[in-house]
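The structure appears right after this line, and notes come after that.
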Amino acid sequence: MDPSSGATLENAHRRLHRVVFLAAALCLVVQVIEGALFVPFVLVYLGWPQVGIREICGELYDLTYQDEGRTCRHPYPLFFRDFTPEPDLEASKEHVFGPVTPPRPRYDVPGWREMISRVEARRAAEASARGAAHE
Amino acid sequence: MSSAALGYDDLLERAGAIQRRADRHLVVGSVLIGTMLLGLFGLPFFLYGLWLLYRAERAGLPVRPALMTFIGYLVLVDGAMNTLGGMIDALANHSLIVRTFIMGTGLVFDAGYFWQYNTLLVGGTSAPGEKAWEVANGVVLFPMRIVAAWGFLRMKRWGLQWMVVSCWMGVYAWVGYMWNFTTYAEMRLVDVLAPVWGWWLYNLWYVTPFIAIPFLYTINREMFTDD
């Protein structure tokens with residue numbers, strides 16, 4: 001490789017590359033700081049090491065499920081599903097959370113050409129209502 | 001030692017050895033930083049790698065240009081962080097440290113990672129649509145970007161090509177993720193410590209594709225001759 005070829009071509013976009021260099025350097029520095037310090041920051045924010053990670057985890061569960069006394073089971077067994085702390089199948093807590101995920105639609109799906117009978121029923125109801133109004 | 005005292009081949013060999021050594025440290029550092037949980041241990045490796053390259057450049061050795069190193073490792077760290085971040089939430093959402101860290105993060109920045117955490121069958125975040133983006137990005141896009149960045153840093157032809165391909169995929173993912181996030185913003189940015197400004201504070205720095213694409217199209221492609 002001719003070392004000068006890179007240099008001359010880079011000159012054509014020197015200003016663009018200067019901007020790219022500064023942006024890349026800034027983003028890299030922040031990403032590295034974030035990657036290295038995010039976990040310690042969150043843990044310290046939540047009170048570690050005065051309170052243990054397990055206690056923090058339990059408090060977080062209490063908060064998100066709005067249910068006092070939930071604990072973080074640890075170690076969590078591999079083939080085990082505890083419906084108490086992770087209630088994906090428990091009765092809806094919609095009154096606490098608002099709409100739950102995933103939301104359940106709860107409507108009757110119309111059957112094959114059932115729309116015809118539905119529309120006819122509606123027409124009939126409307127017609128009789130009109131008839132009643134005339135009398 | 002003055003580089004002028006060495007022959008051209010010796011110089012290349014010496015620069016290559018330093019380059020490899022620096023890259024080893026930088027990759028180990030990047031991946032550890034990418035785990036976030038072990039990020040603090042990755043920092044010394046990463047800084048040492050950068051320092052090796054800086055010192056070699058000061059000594060006049062022909063190492064890879066700093067701009068390329070920065071772009072390559074920016075994509076690599078970004079890829080590692082997003083791959084592992086998505087995957088620990090999708091697969092390791094019942095380990096103690098992950099529950100605490102992710103729910104803690106959710107409390108501070110993004111209620112999608114706190115609200116009804118671990119209530120779905122798959123576990124992890126319950127934010128609408130978020131799991132799909134985690135899997136699509138963490139299984140397809142970001143692993144691809146890690147490999148592309150590695151090929152790019154080793155100045156392989158496929159490395160440059162895959163950087164271009166995966167950067168455009170990154171633009172697509174960014175637009176899709178952001179629209180999903182914004183659609184459910186009322187669920188995700190309410191009742192958090194740092195709402196919209198917090199999002200900018202920690203997420204702005206992942207605009208990697210938008211920074212890399214103009215560079216990739218104006219770089220001298222003749223440099224990428226290795227297959």
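In the structure tokens, chains take letters A, B, ... by order of appearance, with residues numbered from 1 within each chain and ligands from 1 in the order shown.
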
Mind checking which residues fall within 12 Å of Val135 in chain B, counting only C-alpha atoms, ignoring those fewer than 3 positions away in the same chain, and posting them as number ranges by chain?
-> B: 82-91, 122, 124-125, 129-132, 138-143, 173, 177

Excluding Leu153 in chain B and residues on its chain fewer than 6 positions from it, collect all residues at most 9 Å away from it, counting only C-alpha atoms, and give them as a PyMOL selection string.
-> chain B and resi 23+64+68-69+71-73+159-160

Go through B:Gly29, B:Gly16, B:Gly49, B:Gly7 one by one, measure the shortest atom-to-atom distance of each to chain A using only C-alpha atoms, and give the residue with the smallest value.
->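 Nearest candidate to chain A out of B:Gly29, B:Gly16, B:Gly49, B:Gly7: B:Gly29.
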
Interface list for chain B, partner chain A, 7 Å threshold, only C-alpha atoms, as a PyMOL selection string | chain B and resi 33-34+36-37+39-40+43+67+70-71+74+94-96+99-101+103-105+114-116+118-121+126+205+211+215+218-220

Using only C-alpha atoms, please write the residues we just selected to a file, as a PDB file, in the first residue's frame.
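File out.pdb, as written:
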```pdb
ATOM      1  CA  ILE B  33     -17.715  -2.803  29.303  1.00  0.00           C
ATOM      2  CA  GLY B  34     -20.472  -4.178  27.081  1.00  0.00           C
ATOM      3  CA  MET B  36     -22.224  -3.422  32.004  1.00  0.00           C
ATOM      4  CA  LEU B  37     -22.241  -5.692  35.065  1.00  0.00           C
ATOM      5  CA  GLY B  39     -17.900  -2.830  33.056  1.00  0.00           C
ATOM      6  CA  LEU B  40     -15.681  -1.490  35.771  1.00  0.00           C
ATOM      7  CA  LEU B  43     -12.128  -0.004  31.883  1.00  0.00           C
ATOM      8  CA  LEU B  67     -10.183   7.949  13.480  1.00  0.00           C
ATOM      9  CA  PHE B  70     -12.427   5.278  17.312  1.00  0.00           C
ATOM     10  CA  ILE B  71     -15.143   4.448  14.778  1.00  0.00           C
ATOM     11  CA  LEU B  74     -17.459   2.908  19.001  1.00  0.00           C
ATOM     12  CA  HIS B  94     -34.322 -13.888  37.195  1.00  0.00           C
ATOM     13  CA  SER B  95     -30.741 -13.537  38.370  1.00  0.00           C
ATOM     14  CA  LEU B  96     -30.458 -11.327  41.414  1.00  0.00           C
ATOM     15  CA  ARG B  99     -33.290  -7.975  38.486  1.00  0.00           C
ATOM     16  CA  THR B 100     -31.821  -5.345  40.767  1.00  0.00           C
ATOM     17  CA  PHE B 101     -29.824  -3.511  38.112  1.00  0.00           C
ATOM     18  CA  MET B 103     -35.353  -2.640  37.669  1.00  0.00           C
ATOM     19  CA  GLY B 104     -33.192   0.030  39.283  1.00  0.00           C
ATOM     20  CA  THR B 105     -32.387   1.469  35.869  1.00  0.00           C
ATOM     21  CA  PHE B 114     -39.782  -1.374  35.988  1.00  0.00           C
ATOM     22  CA  TRP B 115     -43.530  -1.491  35.426  1.00  0.00           C
ATOM     23  CA  GLN B 116     -44.759  -5.091  35.766  1.00  0.00           C
ATOM     24  CA  ASN B 118     -41.077 -10.167  34.998  1.00  0.00           C
ATOM     25  CA  THR B 119     -44.822 -10.538  34.695  1.00  0.00           C
ATOM     26  CA  LEU B 120     -44.886 -11.917  31.151  1.00  0.00           C
ATOM     27  CA  LEU B 121     -44.216 -15.515  30.235  1.00  0.00           C
ATOM     28  CA  SER B 126     -43.201  -5.876  29.989  1.00  0.00           C
ATOM     29  CA  TRP B 205     -24.517   8.485  22.562  1.00  0.00           C
ATOM     30  CA  ILE B 211     -21.799   9.104  12.760  1.00  0.00           C
ATOM     31  CA  PHE B 215     -17.250   8.293   7.288  1.00  0.00           C
ATOM     32  CA  THR B 218     -15.738   8.895   2.258  1.00  0.00           C
ATOM     33  CA  ILE B 219     -12.972   6.592   3.439  1.00  0.00           C
ATOM     34  CA  ASN B 220     -10.307   5.380   1.021  1.00  0.00           C
TER      35      ASN B 220
END
```

Within 8 Å of range 191-204 of chain B, counting only C-alpha atoms, which residues qualify if same-chain residues fewer than 4 places away don't, as a compact mmCIF listing (two decimals) with all heavy atoms, in the first residue's frame?
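The new file selection25.txt reads:
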```txt
# COMPACT_ATOMS: atom_id res chain seq x y z
N GLU A 34 -20.38 5.12 30.59
CA GLU A 34 -21.69 4.54 30.90
C GLU A 34 -21.58 3.06 31.18
O GLU A 34 -22.11 2.56 32.18
CB GLU A 34 -22.61 4.76 29.70
CG GLU A 34 -23.88 5.49 30.05
CD GLU A 34 -24.79 5.62 28.86
OE1 GLU A 34 -25.47 4.63 28.51
OE2 GLU A 34 -24.83 6.70 28.28
N GLY B 106 -34.71 1.01 35.44
CA GLY B 106 -36.07 1.35 35.02
C GLY B 106 -36.68 2.42 35.90
O GLY B 106 -37.35 3.32 35.42
N LEU B 107 -36.37 2.32 37.18
CA LEU B 107 -36.90 3.30 38.12
C LEU B 107 -36.32 4.69 37.84
O LEU B 107 -36.98 5.71 38.00
CB LEU B 107 -36.51 2.86 39.53
CG LEU B 107 -37.30 3.38 40.71
CD1 LEU B 107 -38.75 3.00 40.56
CD2 LEU B 107 -36.73 2.83 41.99
N VAL B 108 -35.07 4.72 37.41
CA VAL B 108 -34.40 6.00 37.17
C VAL B 108 -34.75 6.56 35.79
O VAL B 108 -35.06 7.74 35.66
CB VAL B 108 -32.87 5.86 37.31
CG1 VAL B 108 -32.18 7.19 37.04
CG2 VAL B 108 -32.51 5.36 38.71
N PHE B 109 -34.71 5.71 34.74
CA PHE B 109 -34.77 6.24 33.37
C PHE B 109 -35.99 5.83 32.54
O PHE B 109 -36.41 6.58 31.68
CB PHE B 109 -33.53 5.82 32.58
CG PHE B 109 -32.27 6.49 33.00
CD1 PHE B 109 -31.24 5.78 33.57
CD2 PHE B 109 -32.13 7.85 32.83
CE1 PHE B 109 -30.07 6.40 33.96
CE2 PHE B 109 -30.97 8.49 33.22
CZ PHE B 109 -29.93 7.76 33.79
N ASP B 110 -36.45 4.59 32.70
CA ASP B 110 -37.39 4.06 31.71
C ASP B 110 -38.33 3.07 32.40
O ASP B 110 -37.94 1.94 32.68
CB ASP B 110 -36.59 3.39 30.59
CG ASP B 110 -37.49 2.75 29.54
OD1 ASP B 110 -38.72 2.81 29.68
OD2 ASP B 110 -36.94 2.18 28.57
N ALA B 111 -39.57 3.52 32.65
CA ALA B 111 -40.50 2.67 33.40
C ALA B 111 -40.82 1.37 32.67
O ALA B 111 -41.34 0.45 33.28
CB ALA B 111 -41.79 3.44 33.68
```

Quick one: DSSP alpha helix (DSSP H) residues in range 46-200 of chain B, as an MDAnalysis selection string?
-> chainID B and resid 46:58 66:91 96:108 130:135 142:153 157:183 185:188 196:200

Compile the contact shell of Trp162 in chain B as a PyMOL selection string: residues with an atom at most 9 Å away, counting only C-alpha atoms, same-chain residues fewer than 5 positions apart removed.
-> chain B and resi 144-145+147-149+151-152+157+167
